[in-house]
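Right, one structure below, let's go through it.
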Amino acid sequence: MYKIKLLILVPILLISCKSTSEFTGYSYDPPGVTNTVDKLVYPQKRRVIGAGNPKVWVSNEDESTRMNDFYVVTKDTFEVYIKPENAPINNSPWFGFSIWSDSTRSIVLRLRYENARHRYEPKFGDQLVDSVRYDSSSGTAEFKLNLTEEPKFLSAQFRDGITYSDLVSELSEYNESFISIDTAGLSHEKRAVYQITVDETNPGIQAGVLILLSRQHPPETSGYLTYHYFLDALLDSTELARKFRSRFIIKSFPMINPDGVFNGHWRHNVGGNDLNRDWQYFNQPETRSVKDALIPLKNDSSKKVYYGIDFHSTNENIFYPINEEIVTFPDNFTQKWVSSLQKNFPELAFTIEEFDIDSPISKNWIYKTFGADALTFEVDDVLSKAEMKHLGYTSAQSLMEMLLEEWNNLNGD
């Protein structure tokens with residue numbers, strides 16, 4: 001199992017007290033990221049392209065694909081060109097397409113991106129591609145593929161369980177009486193922004209609320225899959241999970257950016273925006289849907305939001321909590337939770353980097369709306385499914401124990 005050094009960081013460029021200047025973006029954000037009015041998006045052309053002799057074929061006709069052009073470089077070297085949905089945009093160049101040949105052959109495939117550099121390790125079918133050569137000057141990646149007449153999918157992350165259709169299928173399998181599936185709202189392209197409500201509390205009693213968010217950024221699949229394992233632990237039949245559900249309602253939004261996922265976007269929705277910078281003005285229908293679904297909790301005296309988690313992915317396991325000096329309810333819960341994880345699960349480790357509440361992101365909206373502590377939970381891009389499952393289950397178990405303790409402190413058992 002993986003091991004990452006625990007580190008408490010307070011960034012030099014951040015000040016503990018609230019900034020007096022208007023937030024315009026993090027260091028890795030492109031200019032204008034907080035201006036979330038609709039922007040022009042350039043859809044990729046869905047097609048099958050053949051090149052070479054014998055021909056090699058590629059297709060981006062399925063959902064969650066991204067492939068803009070394909071051509072021959074030399075006899076056995078081919079290049080795929082990948083463009084984002086619009087720009088400027090963060091460097092998260094998603095790619096995904098089927099590839100095959102008229103006859104069995106070995107080729108060299110190069111991935112080239114528009115104004116971006118290679119990030120994700122290519123997956124071919126159910127295997128990780130070996131010996132990828134990265135050119136730091138051009139940002140391209142190059143590797144060998146053995147092709148047959150049978151199409152195989154090449155993508156930035158393993159495709160199993162990550163598409164919008166996969167989510168629709170999974171939601172249809174929930175049959176427990178305490179789980180309800182609703183459409184919180186519709187995306188630009190009229191796909192459902194789903195809400196999962198888990199409520200096994202007794203009517204009329206005081207109940208806590210846990211908010212779970214995921215997939216604001218389409219390529220961040222390790223966070224998305226870890227979210228699923230996390231939710232599975234909350235829905236388990238263990239004594240701990242049953243007790244937790246008797247005290248806490250779960251409000252879960254598994255895929256906030258369904259259009260971006262379906263269309264193979266690098267980061268944005270079909271409105272051309274980073275949804276996790278739209279939690280102040282709510283210009284986009286997806287974030288408005290989640291806000292409108294949660295706002296009634298604010299005026300419901302029988303329900304109190306205790307915590308919120310927004311699952312993402314990056315190049316390490318890292319927690320982004322609210323700054324320790326800001327008073328939340330429960331106060332500094334994330335900092336205590338990390339300490340508990342380290343104590344009870346020594347095989348796990350996380351970096352924790354605190355941030356102020358000035359940015360228009362989901363965790364800050366949860367705090368500003370409900371006074372609750374909240375967290376951006378970033379999962380390493382390269383974790384295996386076994387590691388994601390371990391991370392999701394163990395962190396959920398620890399969270400349930402600690403939230404129950406907080407609930408008992410406020411309400412008594």
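Here's how to read the names in the structure tokens: chain A, B, ... by the order shown, residue numbers from 1 in each chain, ligand numbers from 1 in the order shown.
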
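Residues in contact range of stretch 230-237 of chain A, defined as at most 6 Å between only C-alpha atoms, with sequence neighbours fewer than 6 positions away removed, read A:Gly392, A:Tyr393, A:Ala396.
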
Give me the stretch 67-168 of chain A side of the contact with stretch 268-271 of chain A, cut-off 12 Å, one line per residue showing its nearest atom pair and distance in Å at one decimal, counting only C-alpha atoms, sorted by chain and residue number, as a Markdown table.
```
| residue | atom | partner | partner_atom | distance |
| --- | --- | --- | --- | --- |
| A:Pro84 | CA | A:His268 | CA | 9.1 |
| A:Glu85 | CA | A:His268 | CA | 7.4 |
| A:Asn86 | CA | A:His268 | CA | 8.2 |
| A:Ala87 | CA | A:His268 | CA | 9.7 |
| A:Pro88 | CA | A:His268 | CA | 10.5 |
| A:Ile89 | CA | A:His268 | CA | 8.1 |
| A:Asn90 | CA | A:His268 | CA | 9.3 |
| A:Asn91 | CA | A:His268 | CA | 11.7 |
| A:Ser92 | CA | A:His268 | CA | 10.4 |
| A:Pro93 | CA | A:His268 | CA | 11.5 |
| A:Trp94 | CA | A:His268 | CA | 11.5 |
```

Point to revise | Spatial neighbours of A:Ile211, 12 Å, only C-alpha atoms, chain gap at least 6 places, as an NGL selection string | key: :A and (195-198 or 227 or 231 or 248-254 or 290-291 or 293-295 or 297 or 304-311 or 362-363 or 365-367 or 370 or 372-376)

Inset, instruction - Please report, as a PyMOL selection string, each residue of stretch 291-388 of chain A to which DSSP assigns strand (DSSP E) when run on this structure's backbone. - result: chain A and resi 303-314+318-321+351-353+373-380

Filtered DSSP result for stretch 202-300 of chain A, state alpha helix (DSSP H), as JSON, numbers by chain: {"A": [221, 222, 223, 224, 225, 226, 227, 228, 229, 230, 231, 232, 233, 234, 239, 240, 241, 242, 243, 244, 245, 246, 247, 258, 259, 260, 261, 262, 285, 286, 287, 288, 289, 290, 291, 292, 293, 294]}

Using the selection just defined, write its residues with N, CA and C atoms as a CSV table (one decimal), in the first residue's frame.
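What landed in part.csv:
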```
chain,number,residue,atom,x,y,z
A,221,THR,N,-10.9,11.2,-12.2
A,221,THR,CA,-11.6,9.9,-11.9
A,221,THR,C,-11.1,9.2,-10.7
A,222,SER,N,-9.9,9.4,-10.2
A,222,SER,CA,-9.5,8.7,-9.0
A,222,SER,C,-10.3,9.3,-7.8
A,223,GLY,N,-10.5,10.6,-7.8
A,223,GLY,CA,-11.3,11.2,-6.8
A,223,GLY,C,-12.8,10.6,-6.8
A,224,TYR,N,-13.3,10.5,-8.1
A,224,TYR,CA,-14.6,10.0,-8.3
A,224,TYR,C,-14.8,8.6,-7.8
A,225,LEU,N,-13.9,7.7,-8.1
A,225,LEU,CA,-14.0,6.3,-7.7
A,225,LEU,C,-13.8,6.2,-6.2
A,226,THR,N,-12.9,7.0,-5.6
A,226,THR,CA,-12.7,7.0,-4.2
A,226,THR,C,-14.0,7.5,-3.5
A,227,TYR,N,-14.7,8.5,-4.1
A,227,TYR,CA,-16.0,8.9,-3.6
A,227,TYR,C,-16.9,7.7,-3.5
A,228,HIS,N,-17.0,6.9,-4.6
A,228,HIS,CA,-17.9,5.8,-4.6
A,228,HIS,C,-17.6,4.8,-3.5
A,229,TYR,N,-16.3,4.5,-3.3
A,229,TYR,CA,-15.9,3.6,-2.2
A,229,TYR,C,-16.3,4.2,-0.8
A,230,PHE,N,-16.1,5.5,-0.7
A,230,PHE,CA,-16.4,6.2,0.5
A,230,PHE,C,-17.9,6.1,0.8
A,231,LEU,N,-18.7,6.3,-0.2
A,231,LEU,CA,-20.2,6.2,0.0
A,231,LEU,C,-20.6,4.8,0.3
A,232,ASP,N,-19.9,3.8,-0.4
A,232,ASP,CA,-20.2,2.4,-0.1
A,232,ASP,C,-20.0,2.1,1.4
A,233,ALA,N,-19.0,2.6,2.0
A,233,ALA,CA,-18.7,2.4,3.4
A,233,ALA,C,-19.9,3.0,4.2
A,234,LEU,N,-20.4,4.2,3.9
A,234,LEU,CA,-21.5,4.8,4.6
A,234,LEU,C,-22.8,4.0,4.5
A,239,GLU,N,-22.2,-2.2,12.0
A,239,GLU,CA,-22.9,-1.6,13.2
A,239,GLU,C,-22.5,-0.1,13.1
A,240,LEU,N,-21.3,0.3,12.8
A,240,LEU,CA,-20.9,1.7,12.7
A,240,LEU,C,-21.7,2.4,11.7
A,241,ALA,N,-21.8,1.9,10.5
A,241,ALA,CA,-22.6,2.6,9.4
A,241,ALA,C,-24.1,2.7,9.7
A,242,ARG,N,-24.6,1.7,10.3
A,242,ARG,CA,-26.1,1.7,10.7
A,242,ARG,C,-26.3,2.8,11.8
A,243,LYS,N,-25.4,2.9,12.7
A,243,LYS,CA,-25.5,3.9,13.8
A,243,LYS,C,-25.3,5.3,13.2
A,244,PHE,N,-24.4,5.4,12.3
A,244,PHE,CA,-24.2,6.7,11.6
A,244,PHE,C,-25.4,7.2,10.9
A,245,ARG,N,-26.0,6.3,10.1
A,245,ARG,CA,-27.2,6.6,9.4
A,245,ARG,C,-28.4,6.9,10.2
A,246,SER,N,-28.4,6.4,11.5
A,246,SER,CA,-29.5,6.8,12.4
A,246,SER,C,-29.4,8.2,12.9
A,247,ARG,N,-28.2,8.8,12.8
A,247,ARG,CA,-28.0,10.1,13.3
A,247,ARG,C,-27.8,11.2,12.1
A,258,PRO,N,-22.0,16.5,-15.7
A,258,PRO,CA,-22.3,15.4,-16.6
A,258,PRO,C,-21.9,15.6,-18.0
A,259,ASP,N,-22.2,16.9,-18.5
A,259,ASP,CA,-21.8,17.2,-19.9
A,259,ASP,C,-20.3,17.1,-20.1
A,260,GLY,N,-19.6,17.6,-19.2
A,260,GLY,CA,-18.1,17.6,-19.4
A,260,GLY,C,-17.6,16.2,-19.4
A,261,VAL,N,-18.2,15.3,-18.5
A,261,VAL,CA,-17.8,13.9,-18.5
A,261,VAL,C,-18.2,13.2,-19.8
A,262,PHE,N,-19.4,13.5,-20.3
A,262,PHE,CA,-19.9,12.8,-21.5
A,262,PHE,C,-19.0,13.2,-22.7
A,285,PRO,N,-25.9,26.2,-14.7
A,285,PRO,CA,-27.0,25.5,-14.2
A,285,PRO,C,-26.7,24.3,-13.2
A,286,GLU,N,-25.5,23.7,-13.4
A,286,GLU,CA,-25.1,22.6,-12.6
A,286,GLU,C,-24.8,23.0,-11.2
A,287,THR,N,-24.1,24.1,-10.9
A,287,THR,CA,-23.9,24.5,-9.6
A,287,THR,C,-25.1,25.1,-9.0
A,288,ARG,N,-26.0,25.8,-9.8
A,288,ARG,CA,-27.3,26.2,-9.2
A,288,ARG,C,-28.1,25.1,-8.8
A,289,SER,N,-28.1,24.0,-9.5
A,289,SER,CA,-28.9,22.8,-9.1
A,289,SER,C,-28.5,22.3,-7.7
A,290,VAL,N,-27.2,22.2,-7.5
A,290,VAL,CA,-26.7,21.7,-6.2
A,290,VAL,C,-27.1,22.7,-5.1
A,291,LYS,N,-26.9,24.0,-5.4
A,291,LYS,CA,-27.2,25.0,-4.4
A,291,LYS,C,-28.7,25.0,-4.0
A,292,ASP,N,-29.6,24.9,-5.0
A,292,ASP,CA,-31.0,24.9,-4.8
A,292,ASP,C,-31.4,23.7,-4.0
A,293,ALA,N,-30.8,22.6,-4.2
A,293,ALA,CA,-31.1,21.3,-3.5
A,293,ALA,C,-30.7,21.4,-2.1
A,294,LEU,N,-29.6,22.1,-1.7
A,294,LEU,CA,-29.1,22.2,-0.4
A,294,LEU,C,-29.6,23.3,0.5
```

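Ranking A:Met400, A:Gly139, A:Asp102, A:Gly96 by their shortest atom-to-atom distance to A:Arg117, with only C-alpha atoms included, puts A:Gly139 first.
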